[in-house]
$ cat query36.cif   # mmCIF, C-alpha atoms
data_upload
#
loop_
_atom_site.label_atom_id
_atom_site.label_comp_id
_atom_site.auth_asym_id
_atom_site.auth_seq_id
_atom_site.Cartn_x
_atom_site.Cartn_y
_atom_site.Cartn_z
CA MET A 118 -17.91 -6.03 -18.31
CA ASN A 119 -20.33 -5.76 -15.42
CA PHE A 120 -20.09 -4.38 -11.89
CA VAL A 121 -18.81 -7.67 -10.42
CA ASP A 122 -16.02 -7.82 -13.01
CA THR A 123 -14.97 -4.28 -12.10
CA LEU A 124 -14.92 -5.21 -8.42
CA LEU A 125 -12.85 -8.30 -9.20
CA ILE A 126 -10.25 -6.33 -11.10
CA LEU A 127 -10.04 -3.71 -8.33
CA GLY A 128 -9.54 -6.53 -5.81
CA ALA A 129 -6.86 -8.00 -8.04
CA ALA A 130 -5.07 -4.64 -8.14
CA PHE A 131 -5.15 -4.49 -4.33
CA LEU A 132 -3.72 -8.02 -4.03
CA ALA A 133 -1.14 -7.33 -6.74
CA VAL A 134 0.21 -4.32 -4.83
CA PHE A 135 0.30 -6.33 -1.61
CA TRP A 136 2.16 -9.16 -3.37
CA GLU A 137 4.72 -6.67 -4.71
CA ALA A 138 5.33 -5.31 -1.21
CA ALA A 139 5.20 -8.54 0.79
CA PHE A 140 7.09 -10.99 -1.39
CA SER A 141 10.52 -9.92 -2.51
CA GLY A 142 11.86 -13.14 -3.99
CA LEU A 143 12.02 -11.67 -7.50
CA ARG A 144 13.66 -8.51 -6.19
CA VAL A 145 16.41 -10.54 -4.51
CA ALA A 146 16.85 -12.88 -7.48
CA LEU A 147 16.61 -10.38 -10.35
CA GLY A 148 17.34 -7.05 -8.69
CA ALA A 149 13.92 -5.57 -9.49
CA GLN A 150 10.32 -6.04 -8.44
CA VAL A 151 7.83 -6.71 -11.22
CA ASP A 152 4.83 -4.38 -11.38
CA LEU A 153 1.57 -6.17 -12.15
CA LEU A 154 -0.64 -3.08 -12.43
CA PRO A 155 0.23 -2.25 -16.09
CA SER A 156 -0.96 -5.74 -17.09
CA LEU A 157 -4.24 -5.18 -15.28
CA MET A 158 -4.57 -1.82 -17.05
CA VAL A 159 -4.16 -3.58 -20.41
CA TYR A 160 -6.90 -6.04 -19.46
CA ALA A 161 -9.19 -3.24 -18.32
CA GLY A 162 -8.40 -1.19 -21.44
CA LEU A 163 -9.42 -4.05 -23.74
CA ARG A 164 -12.40 -5.41 -21.81
CA ALA A 165 -13.84 -2.63 -19.63
CA GLU A 166 -15.43 0.77 -20.18
CA LEU A 167 -13.58 4.03 -19.65
CA PRO A 168 -14.90 4.75 -16.10
CA ALA A 169 -13.67 1.34 -14.97
CA VAL A 170 -10.26 2.03 -16.53
CA ALA A 171 -10.06 5.38 -14.70
CA LEU A 172 -11.21 3.78 -11.45
CA LEU A 173 -8.60 1.05 -11.71
CA ALA A 174 -5.83 3.59 -12.41
CA ALA A 175 -6.85 5.70 -9.41
CA TRP A 176 -7.28 2.75 -7.04
CA GLY A 177 -4.12 0.94 -8.17
CA GLY A 178 -2.09 4.14 -8.06
CA PHE A 179 -3.30 5.03 -4.57
CA CYS A 180 -2.60 1.51 -3.27
CA LEU A 181 0.88 1.43 -4.80
CA ASP A 182 1.87 4.87 -3.52
CA SER A 183 0.49 4.21 -0.03
CA LEU A 184 3.02 1.39 0.51
CA SER A 185 5.85 3.14 -1.29
CA ALA A 186 7.97 6.22 -0.71
CA THR A 187 6.60 7.59 -3.98
CA PRO A 188 4.50 10.72 -3.34
CA LEU A 189 0.80 9.92 -3.23
CA GLY A 190 -0.91 10.30 -6.59
CA ILE A 191 2.17 10.08 -8.82
CA SER A 192 1.42 6.55 -10.09
CA ILE A 193 -2.18 7.31 -11.12
CA LEU A 194 -1.43 9.29 -14.26
CA PRO A 195 0.98 6.81 -15.93
CA LEU A 196 -1.44 3.95 -15.26
CA PHE A 197 -4.36 5.90 -16.67
CA ILE A 198 -2.44 6.93 -19.77
CA ALA A 199 -1.51 3.29 -20.40
CA GLY A 200 -5.13 2.19 -19.94
CA LEU A 201 -6.46 5.03 -22.10
CA ALA A 202 -4.01 4.26 -24.91
CA VAL A 203 -5.15 0.63 -24.96
CA TYR A 204 -8.83 1.59 -24.66
CA SER A 205 -8.72 4.09 -27.49
CA SER A 206 -7.16 1.63 -29.92
CA ARG A 207 -8.91 -1.53 -28.85
CA GLU A 208 -11.04 -1.76 -31.98
CA LEU A 209 -7.83 -2.11 -33.98
CA VAL A 210 -6.30 -4.78 -31.75
CA LEU A 211 -6.82 -8.53 -32.03
CA ARG A 212 -7.62 -8.59 -28.36
CA ASP A 213 -8.09 -12.34 -28.00
CA GLN A 214 -4.67 -13.17 -29.43
CA THR A 215 -2.06 -14.07 -26.80
CA TYR A 216 0.60 -12.45 -28.94
CA ALA A 217 -1.28 -9.13 -29.01
CA GLN A 218 -1.87 -9.28 -25.25
CA PHE A 219 1.84 -9.97 -24.69
CA LEU A 220 2.92 -7.03 -26.84
CA LEU A 221 0.43 -4.66 -25.21
CA GLY A 222 1.65 -5.83 -21.79
CA LEU A 223 5.23 -5.24 -22.91
CA ALA A 224 4.44 -1.69 -24.03
CA ALA A 225 2.44 -0.84 -20.90
CA ALA A 226 4.99 -2.35 -18.52
CA ALA A 227 7.75 -0.34 -20.23
CA GLY A 228 5.78 2.88 -20.48
CA VAL A 229 4.36 3.10 -16.96
CA PRO A 230 7.70 3.12 -15.06
CA LEU A 231 9.23 5.54 -17.58
CA MET A 232 6.31 7.96 -17.17
CA THR A 233 6.47 7.56 -13.37
CA LEU A 234 10.19 8.35 -13.46
CA LEU A 235 9.53 11.40 -15.59
CA LEU A 236 6.88 12.62 -13.16
CA LEU A 237 9.15 12.01 -10.15
CA LEU A 238 11.98 13.99 -11.73
CA THR A 239 9.59 16.74 -12.85
CA THR A 240 8.24 17.16 -9.33
CA GLY A 241 11.75 17.49 -7.90
CA HIS A 242 12.22 14.06 -6.33
CA LYS A 243 15.44 12.08 -6.53
CA PRO A 244 14.77 8.38 -7.05
CA LEU A 245 17.43 5.65 -7.18
CA LEU A 246 18.97 5.94 -10.63
CA GLY A 247 22.00 4.48 -12.35
CA TRP A 248 23.02 2.04 -15.04
CA GLY A 249 21.23 -0.64 -13.04
CA THR A 250 17.96 1.15 -13.76
CA LEU A 251 18.15 -0.14 -17.36
CA TRP A 252 18.28 -3.71 -16.09
CA GLN A 253 15.41 -3.02 -13.70
CA LEU A 254 13.32 -1.56 -16.53
CA ALA A 255 14.05 -4.64 -18.65
CA VAL A 256 12.95 -6.97 -15.82
CA VAL A 257 9.80 -4.95 -15.16
CA THR A 258 8.94 -4.82 -18.88
CA VAL A 259 9.39 -8.54 -19.54
CA GLY A 260 7.71 -9.47 -16.23
CA GLY A 261 4.69 -7.31 -17.01
CA ALA A 262 4.45 -8.73 -20.54
CA LEU A 263 4.61 -12.32 -19.29
CA PHE A 264 1.88 -11.64 -16.74
CA THR A 265 -0.56 -10.09 -19.22
CA PRO A 266 -1.87 -13.19 -21.09
CA PRO A 267 -2.45 -15.18 -17.84
CA CYS A 268 -4.30 -12.12 -16.55
CA PHE A 269 -6.72 -12.41 -19.51
CA ILE A 270 -7.12 -16.16 -18.96
CA LEU A 271 -7.88 -15.67 -15.27
CA PHE A 272 -10.37 -12.82 -15.61
CA ASP A 273 -12.12 -14.31 -18.65
CA TRP A 274 -12.55 -17.53 -16.67
CA LEU A 275 -13.88 -15.60 -13.68
CA HIS A 276 -16.24 -13.69 -15.97
CA ARG A 277 -17.58 -16.93 -17.47
CA SER A 278 -17.93 -18.48 -14.00
CA LEU A 279 -19.77 -15.59 -12.41
CA ALA A 280 -21.87 -14.26 -15.28
CA HIS A 281 -25.02 -15.85 -16.66
CA GLY A 282 -24.24 -18.30 -19.45
CA ALA A 283 -25.39 -17.46 -22.97
CA ALA A 284 -28.69 -19.07 -23.91
CA THR A 285 -28.12 -21.85 -26.39
CA GLU A 286 -30.59 -22.24 -29.26
CA SER A 287 -31.80 -25.72 -30.05
CA SER A 288 -33.44 -27.00 -33.20
CA PHE A 289 -35.94 -28.89 -31.05
CA ARG A 290 -39.43 -27.39 -31.08
CA PRO A 291 -42.10 -28.88 -28.77
CA ASP A 292 -44.96 -27.86 -31.09
CA ARG A 293 -43.45 -29.90 -33.92
CA GLU A 294 -42.96 -33.03 -31.82
CA ILE A 295 -44.58 -36.13 -33.29
CA ARG A 296 -46.49 -37.87 -30.54
CA ARG A 297 -46.99 -41.56 -31.12
CA GLY A 298 -49.57 -43.93 -29.68
CA ARG A 299 -53.13 -43.24 -28.66
CA GLY A 300 -53.51 -39.86 -27.28
CA MET B 169 -4.74 13.86 -14.53
CA VAL B 170 -6.97 16.15 -12.51
CA LEU B 171 -6.93 13.68 -9.61
CA THR B 172 -3.13 13.49 -9.73
CA LEU B 173 -2.84 17.26 -9.70
CA ILE B 174 -5.34 17.59 -6.86
CA VAL B 175 -3.56 14.98 -4.72
CA LEU B 176 -0.10 16.37 -5.46
CA ASN B 177 -1.22 19.85 -4.45
CA LEU B 178 -2.76 18.79 -1.15
CA PRO B 179 -1.00 20.01 2.02
CA SER B 180 1.76 17.62 3.06
CA HIS B 181 0.10 16.57 6.32
CA THR B 182 -3.18 15.79 4.48
CA LYS B 183 -1.25 13.74 1.92
CA ALA B 184 0.55 11.88 4.72
CA ARG B 185 -2.75 11.11 6.47
CA LEU B 186 -4.35 9.97 3.23
CA LYS B 187 -1.36 7.77 2.49
CA LEU B 188 -1.46 6.20 5.94
CA GLY B 189 -5.22 5.74 5.69
CA ILE B 190 -5.00 3.86 2.39
CA GLY B 191 -1.99 1.91 3.65
CA SER B 192 -3.97 0.76 6.68
CA LEU B 193 -6.34 -1.10 4.30
CA PHE B 194 -3.53 -3.64 3.94
CA LEU B 195 -3.48 -4.42 7.69
CA PRO B 196 -5.71 -7.54 7.45
CA LEU B 197 -3.47 -8.92 4.72
CA LEU B 198 -0.40 -8.30 6.88
CA GLY B 199 -1.90 -10.48 9.60
CA LEU B 200 -2.76 -13.12 7.01
CA ALA B 201 0.75 -13.10 5.59
CA GLY B 202 2.23 -13.38 9.10
CA SER B 203 -0.03 -16.30 9.97
CA SER B 204 0.76 -18.13 6.73
CA GLN B 205 4.49 -17.68 7.34
CA GLN B 206 4.08 -19.06 10.88
CA LEU B 207 2.12 -22.02 9.52
CA ALA B 208 4.81 -22.68 6.93
CA GLY B 209 7.45 -22.50 9.67
CA ALA B 210 5.49 -24.88 11.89
CA ALA B 211 5.04 -27.32 8.98
CA LEU B 212 8.76 -27.16 8.28
CA ASP B 213 9.54 -27.84 11.95
CA ARG B 214 7.47 -31.01 11.80
CA VAL B 215 9.41 -32.48 8.92
CA VAL B 216 12.89 -31.76 10.34
CA PRO B 217 14.36 -35.14 11.45
CA ARG B 218 15.09 -35.74 15.12
CA ARG B 219 18.80 -36.19 14.43
CA GLU B 220 18.98 -32.72 12.86
CA LEU B 221 17.16 -31.20 15.84
CA LEU B 222 19.59 -32.86 18.25
CA ARG B 223 22.53 -31.57 16.23
CA GLN B 224 21.08 -28.03 16.24
CA ASN B 225 20.40 -28.31 19.96
CA GLU B 226 24.00 -29.28 20.63
CA ALA B 227 25.30 -26.43 18.46
CA LEU B 228 23.06 -23.96 20.30
CA ARG B 229 24.20 -25.34 23.66
CA GLN B 230 27.82 -24.75 22.71
CA GLU B 231 27.03 -21.27 21.39
CA ASN B 232 25.17 -20.50 24.61
CA GLN B 233 28.18 -21.48 26.70
CA GLY B 234 30.42 -19.27 24.57
CA LEU B 235 28.02 -16.35 24.91
CA ARG B 236 27.77 -16.82 28.68
CA PHE B 237 31.55 -16.55 28.87
CA LYS B 238 31.50 -13.40 26.73
CA VAL B 239 28.78 -11.85 28.89
CA MET B 240 30.91 -12.53 31.96
CA GLU B 241 33.91 -10.91 30.25
CA ALA B 242 31.78 -7.95 29.13
CA GLY B 243 30.51 -7.50 32.71
CA ALA B 244 34.09 -7.32 33.99
CA MET B 245 35.01 -4.84 31.26
CA GLU B 246 31.93 -2.75 32.02
CA ARG B 247 32.90 -2.55 35.68
CA GLU B 248 36.47 -1.62 34.72
CA ASN B 249 35.14 0.98 32.26
CA ALA B 250 32.91 2.52 34.96
CA ARG B 251 35.83 2.64 37.42
CA LEU B 252 38.12 4.33 34.87
CA ARG B 253 35.38 6.79 33.90
CA GLN B 254 34.99 7.64 37.57
CA LEU B 255 38.74 8.18 37.91
CA LEU B 256 38.83 10.45 34.85
CA GLY B 257 35.62 12.24 35.78
CA TRP B 258 33.83 11.31 32.50
CA GLN B 259 30.08 11.09 32.44
CA ALA B 260 28.81 7.51 32.32
CA GLN B 261 26.92 6.56 29.12
CA GLN B 262 23.34 5.52 29.55
CA PRO B 263 22.40 2.20 27.94
CA ARG B 264 20.31 2.70 24.80
CA LYS B 265 16.60 2.07 24.97
CA ILE B 266 15.76 -0.19 22.03
CA LYS B 267 12.71 -1.99 20.70
CA LEU B 268 12.51 -5.01 18.40
CA ALA B 269 10.33 -4.73 15.30
CA SER B 270 9.42 -7.11 12.49
CA VAL B 271 9.78 -6.12 8.85
CA VAL B 272 6.32 -6.53 7.30
CA LEU B 273 6.59 -4.95 3.84
CA ARG B 274 9.11 -3.63 1.35
CA ASP B 275 8.75 -0.77 -1.09
CA PRO B 276 6.83 -2.18 -4.08
CA SER B 277 8.50 0.23 -6.51
CA ASN B 278 12.10 0.11 -7.63
CA TRP B 279 12.76 3.83 -7.17
CA TRP B 280 13.26 3.75 -3.41
CA ARG B 281 14.78 1.57 -0.73
CA THR B 282 12.33 1.51 2.16
CA ILE B 283 10.73 -1.08 4.42
CA GLN B 284 7.72 -1.04 6.74
CA ILE B 285 7.93 -2.29 10.33
CA ASP B 286 5.15 -3.38 12.67
CA LEU B 287 5.66 -0.62 15.26
CA GLY B 288 3.88 2.71 15.07
CA SER B 289 3.22 5.85 17.04
CA ARG B 290 1.36 3.85 19.72
CA ASP B 291 4.66 2.00 20.34
CA GLY B 292 6.62 5.23 20.71
CA MET B 293 7.93 5.46 17.14
CA ARG B 294 8.90 8.90 15.86
CA ILE B 295 10.36 10.24 12.64
CA ASN B 296 14.19 10.02 12.41
CA LEU B 297 14.67 7.32 15.05
CA PRO B 298 17.70 5.18 14.04
CA VAL B 299 17.11 1.57 13.01
CA LEU B 300 19.68 -1.23 13.42
CA SER B 301 19.99 -4.81 12.22
CA PRO B 302 19.72 -7.65 14.78
CA GLU B 303 23.57 -7.69 14.84
CA GLY B 304 23.69 -3.97 15.70
CA ALA B 305 24.74 -2.55 12.33
CA LEU B 306 23.02 0.57 10.99
CA VAL B 307 20.08 -0.05 8.66
CA GLY B 308 18.44 3.39 8.29
CA ARG B 309 16.02 5.73 9.98
CA ILE B 310 12.27 6.04 10.40
CA SER B 311 10.81 8.34 7.75
CA ALA B 312 7.03 8.10 8.34
CA VAL B 313 4.90 6.88 11.21
CA SER B 314 1.30 5.69 11.42
CA LEU B 315 -0.53 4.31 14.43
CA THR B 316 0.56 0.70 13.88
CA ARG B 317 3.31 0.84 11.25
CA SER B 318 6.38 2.87 10.41
CA GLN B 319 8.31 3.38 7.21
CA VAL B 320 12.08 3.01 7.42
CA VAL B 321 14.28 4.58 4.78
CA LEU B 322 17.28 2.30 4.30
CA LEU B 323 20.93 3.10 3.74
CA GLY B 324 21.56 3.63 0.05
CA ASP B 325 18.24 5.39 -0.53
CA PRO B 326 18.66 8.93 -1.91
CA ASN B 327 16.78 10.24 1.15
CA CYS B 328 19.07 8.62 3.73
CA HIS B 329 22.32 10.46 4.42
CA VAL B 330 24.50 9.56 7.39
CA ALA B 331 27.46 11.45 8.81
CA ALA B 332 30.21 8.85 9.10
CA VAL B 333 33.76 8.51 10.32
CA VAL B 334 36.40 6.04 9.13
CA GLU B 335 38.26 4.22 11.88
CA ASN B 336 41.83 5.09 10.82
CA GLU B 337 44.57 7.31 12.20
CA SER B 338 43.22 10.50 10.65
CA ARG B 339 39.57 9.70 11.56
CA ASP B 340 38.37 10.85 8.12
CA ASN B 341 34.83 12.21 8.07
CA GLY B 342 32.37 11.82 5.24
CA VAL B 343 28.72 11.37 4.40
CA VAL B 344 27.16 8.07 3.41
CA GLY B 345 24.81 8.67 0.50
CA ALA B 346 22.91 6.83 -2.18
CA SER B 347 24.03 3.70 -3.96
CA GLY B 348 23.24 2.21 -7.35
CA PRO B 349 19.82 0.62 -7.96
CA LEU B 350 21.27 -2.89 -7.96
CA ASP B 351 24.03 -2.50 -5.32
CA SER B 352 21.96 -2.91 -2.17
CA GLY B 353 25.02 -4.16 -0.28
CA PHE B 354 27.17 -1.11 -1.02
CA VAL B 355 26.94 2.63 -0.44
CA GLU B 356 29.09 5.59 -1.36
CA LEU B 357 31.01 7.52 1.26
CA GLY B 358 31.41 11.01 -0.15
CA TYR B 359 32.54 14.47 0.98
CA LEU B 360 35.93 13.05 2.00
CA SER B 361 38.92 15.36 2.02
CA THR B 362 41.49 15.01 -0.80
CA ASN B 363 44.15 13.78 1.60
CA ALA B 364 41.93 11.13 3.23
CA ARG B 365 44.01 8.00 3.83
CA LEU B 366 41.47 5.23 3.39
CA LYS B 367 42.40 1.59 3.01
CA PRO B 368 40.22 -1.40 2.19
CA GLY B 369 38.91 -3.11 5.28
CA GLN B 370 38.80 -0.03 7.52
CA LEU B 371 35.57 0.21 9.50
CA VAL B 372 33.07 3.00 8.86
CA LYS B 373 30.90 4.10 11.79
CA THR B 374 28.44 6.87 12.51
CA SER B 375 30.18 10.05 13.62
CA GLY B 376 27.26 11.40 15.66
CA LEU B 377 27.26 14.64 13.65
CA GLY B 378 23.88 15.77 12.39
CA GLY B 379 22.02 14.76 15.52
CA ILE B 380 19.99 11.86 14.09
CA PHE B 381 22.28 8.87 14.44
CA PRO B 382 24.18 8.25 17.69
CA LYS B 383 27.94 7.93 17.56
CA ASP B 384 29.84 4.68 16.94
CA ILE B 385 27.23 2.55 15.21
CA LEU B 386 28.82 0.25 12.65
CA ILE B 387 27.90 1.02 9.03
CA GLY B 388 30.33 -1.19 7.11
CA GLN B 389 33.86 -1.33 5.81
CA VAL B 390 35.76 0.42 3.05
CA VAL B 391 36.09 -1.60 -0.17
CA ASP B 392 37.93 0.86 -2.43
CA THR B 393 38.35 4.56 -3.13
CA GLN B 394 38.52 6.68 -6.24
CA PRO B 395 39.23 10.35 -6.89
CA ILE B 396 36.40 12.49 -8.25
CA GLU B 397 36.12 15.95 -9.73
CA TYR B 398 39.62 15.94 -11.24
CA GLY B 399 41.21 14.89 -7.95
CA PHE B 400 39.59 17.56 -5.79
CA GLY B 401 37.64 15.01 -3.82
CA THR B 402 37.59 11.35 -2.92
CA VAL B 403 34.74 8.92 -2.76
CA ALA B 404 34.87 5.49 -1.15
CA ARG B 405 32.73 2.43 -1.74
CA VAL B 406 31.56 0.93 1.55
CA LYS B 407 30.27 -2.60 1.97
CA LEU B 408 27.37 -2.48 4.41
CA ALA B 409 27.60 -4.61 7.56
CA ALA B 410 23.84 -5.25 7.49
CA ASN B 411 22.30 -7.40 4.75
CA LEU B 412 19.40 -5.16 3.72
CA ASN B 413 17.84 -7.83 1.47
CA ALA B 414 17.49 -10.34 4.29
CA LEU B 415 16.09 -8.13 7.04
CA GLU B 416 13.31 -9.81 8.98
CA GLU B 417 13.68 -8.07 12.33
CA VAL B 418 15.28 -4.76 13.28
CA TRP B 419 16.05 -2.78 16.41
CA VAL B 420 14.75 0.76 16.78
CA ILE B 421 16.72 3.03 19.11
CA LEU B 422 14.11 4.94 21.08
CA GLU B 423 16.45 7.21 22.99
CA PRO B 424 19.78 7.79 21.28
#

$ encode --input "query36.cif" --output "structure tokens"
Amino acid sequence: MNFVDTLLILGAAFLAVFWEAAFSGLRVALGAQVDLLPSLMVYAGLRAELPAVALLAAWGGFCLDSLSATPLGISILPLFIAGLAVYSSRELVLRDQTYAQFLLGLAAAAGVPLMTLLLLLTTGHKPLLGWGTLWQLAVVTVGGALFTPPCFILFDWLHRSLAHGAATESSFRPDREIRRGRG
Amino acid sequence: MVLTLIVLNLPSHTKARLKLGIGSLFLPLLGLAGSSQQLAGAALDRVVPRRELLRQNEALRQENQGLRFKVMEAGAMERENARLRQLLGWQAQQPRKIKLASVVLRDPSNWWRTIQIDLGSRDGMRINLPVLSPEGALVGRISAVSLTRSQVVLLGDPNCHVAAVVENESRDNGVVGASGPLDSGFVELGYLSTNARLKPGQLVKTSGLGGIFPKDILIGQVVDTQPIEYGFGTVARVKLAANLNALEEVWVILEP
């Protein structure tokens, strides 16, 4: 993953947070807003290096908290832990399989809100909690999981479009060309 | 982890400034979203058939006539009210100074119930100013202010408590508190006395106690009650008059 890819994923995190805040159709229909950042963390964890994962967690967390009533900085740690967990086990994961991406997205989308909730309660805040929270967690988990494979498709396509193509080797050799006629 | 700890341990005003600074990065996107919504609205207007427009025009004309009549009636009542106040020696109430704001963003997380409006400190916004729906029902209060935007904490959020009074014979007092994560249309009215005589349909309004919300702003109506703490207290479920999910514009009371 090069510098442009890192910039692209940071831009995607920015747009994802804006989408979550500006468009509330899902919130009205399902009672919960889907968080797209855990899916991006899974992508970064499998494709990027550790500094890019940390940068994405910090940037995404800051963006999310700046538009939310959540205290600034709370969301960074859960995102980073999710990204680090994926990064540290990526050699064991079939990272190009849609099924694996879906399951990692499912785990990250479930883990990030639970860790955020734990941090909020630990720091003495009182978020909205009740039986409905279970439904919200289910929506966020499934939504995050469903978003993860398309996230890979999109960024892999962007990577292929913006990066130099791999040099293809041909069996043709000019020095072995048989030249016909008078020459 | 270190970054989280550093940010969490910053002084509160530094954290607030940092938060507002990062939030202001979204300003260009807010303008873009507003423009795209206007474009979509304009495109929709073009495809509405002429017959439908004429029907809407007629309906608005009739509504306008009805409202004119009501304004005339209200004017007469206002004059009568002023005359009676003068006779009784009561101080006349000043009309509230209000400002219309557009809702630009909602809280992206599911842990809070807040919105952002397009008025900030340069428009005279301050923390704790009351916010009403276009119909005049209570929506919440301003909880944070930047130069161009303000955050409004809505009714039902754990950080929004409102001293309320039920419009019944005993004028029962209580406090409107948090609601469930999925019940955005309902809130709990707690701290009611054990002998509170609440009935479904009774109106709940602000009591004016606490000094943040002015008196007599409509909050909603009682749906049902249930005893809590082995009968030592009562809590009522209140259906909010304002639809918090469909807020597009709100009024901010500048001088309660």

$ atom_distance --input "query36.cif" --atom1 "CA of Thr362 in chain B" --atom2 "CA of Gly401 in chain B"
4.9 Å

$ residues_around --input "query36.cif" --residues "His329 in chain B" --least-positions-apart "3" --cutoff "12 Å" --atoms "all atoms listed in the file" --output "ChimeraX atom specification"
/B:296,298,306-309,321-326,332,342-347,355-359,374,377-381,387

$ closest_residue --input "query36.cif" --among "A:Ser183, A:Thr240, A:Ser288, A:Thr265" --to "Ala226 in chain A" --atoms "all atoms listed in the file"
A:Thr265

$ closest_residue --input "query36.cif" --among "B:Arg274, B:Arg185, B:Arg214, B:Lys265" --to "Phe140 in chain A" --atoms "all atoms listed in the file"
B:Arg274

$ atom_distance --input "query36.cif" --atom1 "CA of Thr215 in chain A" --atom2 "CA of Phe179 in chain A"
29.3 Å

$ residues_around --input "query36.cif" --residues "Ile198 in chain A" --least-positions-apart "4" --cutoff "10 Å" --atoms "only C-alpha atoms" --output "MDAnalysis selection string"
(chainID A and resid 158 170:171 174 193:194 202:204 225 228:229 232) or (chainID B and resid 169)

$ write_last_selection --input "query36.cif" --atoms "C-alpha atoms" --output "compact mmCIF listing (two decimals), in the coordinates of the input"
# COMPACT_ATOMS: atom_id res chain seq x y z
CA MET A 158 -4.57 -1.82 -17.05
CA VAL A 170 -10.26 2.03 -16.53
CA ALA A 171 -10.06 5.38 -14.70
CA ALA A 174 -5.83 3.59 -12.41
CA ILE A 193 -2.18 7.31 -11.12
CA LEU A 194 -1.43 9.29 -14.26
CA ALA A 202 -4.01 4.26 -24.91
CA VAL A 203 -5.15 0.63 -24.96
CA TYR A 204 -8.83 1.59 -24.66
CA ALA A 225 2.44 -0.84 -20.90
CA GLY A 228 5.78 2.88 -20.48
CA VAL A 229 4.36 3.10 -16.96
CA MET A 232 6.31 7.96 -17.17
CA MET B 169 -4.74 13.86 -14.53

$ atom_distance --input "query36.cif" --atom1 "CA of Leu386 in chain B" --atom2 "CA of Leu273 in chain B"
24.5 Å

$ resolve_selection --input "query36.cif" --expression "the PyMOL selection byres ((chain A and resi 151) around 12)" --output "MDAnalysis selection string"
(chainID A and resid 133:134 136:138 140:150 152:156 226:227 229:230 252:264) or (chainID B and resid 275:278)

$ resolve_selection --input "query36.cif" --expression "the PyMOL selection byres ((chain A and resi 275) around 12)" --output "compact mmCIF listing (two decimals) with C-alpha atoms, in the coordinates of the input"
# COMPACT_ATOMS: atom_id res chain seq x y z
CA MET A 118 -17.91 -6.03 -18.31
CA ASN A 119 -20.33 -5.76 -15.42
CA VAL A 121 -18.81 -7.67 -10.42
CA ASP A 122 -16.02 -7.82 -13.01
CA THR A 123 -14.97 -4.28 -12.10
CA LEU A 124 -14.92 -5.21 -8.42
CA LEU A 125 -12.85 -8.30 -9.20
CA ILE A 126 -10.25 -6.33 -11.10
CA ALA A 129 -6.86 -8.00 -8.04
CA CYS A 268 -4.30 -12.12 -16.55
CA PHE A 269 -6.72 -12.41 -19.51
CA ILE A 270 -7.12 -16.16 -18.96
CA LEU A 271 -7.88 -15.67 -15.27
CA PHE A 272 -10.37 -12.82 -15.61
CA ASP A 273 -12.12 -14.31 -18.65
CA TRP A 274 -12.55 -17.53 -16.67
CA HIS A 276 -16.24 -13.69 -15.97
CA ARG A 277 -17.58 -16.93 -17.47
CA SER A 278 -17.93 -18.48 -14.00
CA LEU A 279 -19.77 -15.59 -12.41
CA ALA A 280 -21.87 -14.26 -15.28
CA HIS A 281 -25.02 -15.85 -16.66

$ residues_around --input "query36.cif" --residues "Gly353 in chain B" --least-positions-apart "4" --cutoff "9 Å" --atoms "only C-alpha atoms" --output "CSV table (one decimal) with C-alpha atoms, in the frame of the given file"
chain,number,residue,atom,x,y,z
B,324,GLY,CA,21.6,3.6,0.0
B,347,SER,CA,24.0,3.7,-4.0
B,406,VAL,CA,31.6,0.9,1.6
B,407,LYS,CA,30.3,-2.6,2.0
B,408,LEU,CA,27.4,-2.5,4.4
B,409,ALA,CA,27.6,-4.6,7.6
B,410,ALA,CA,23.8,-5.2,7.5
B,411,ASN,CA,22.3,-7.4,4.8
B,412,LEU,CA,19.4,-5.2,3.7
B,413,ASN,CA,17.8,-7.8,1.5

$ resolve_selection --input "query36.cif" --expression "the PyMOL selection byres ((chain A and resi 212) around 12)" --output "ChimeraX atom specification"
/A:159-164,203-204,206-211,213-222,265-266,269

$ residues_around --input "query36.cif" --residues "Pro395 in chain B" --least-positions-apart "5" --cutoff "10 Å" --atoms "all atoms listed in the file" --output "PyMOL selection string"
chain B and resi 360+362+400-404
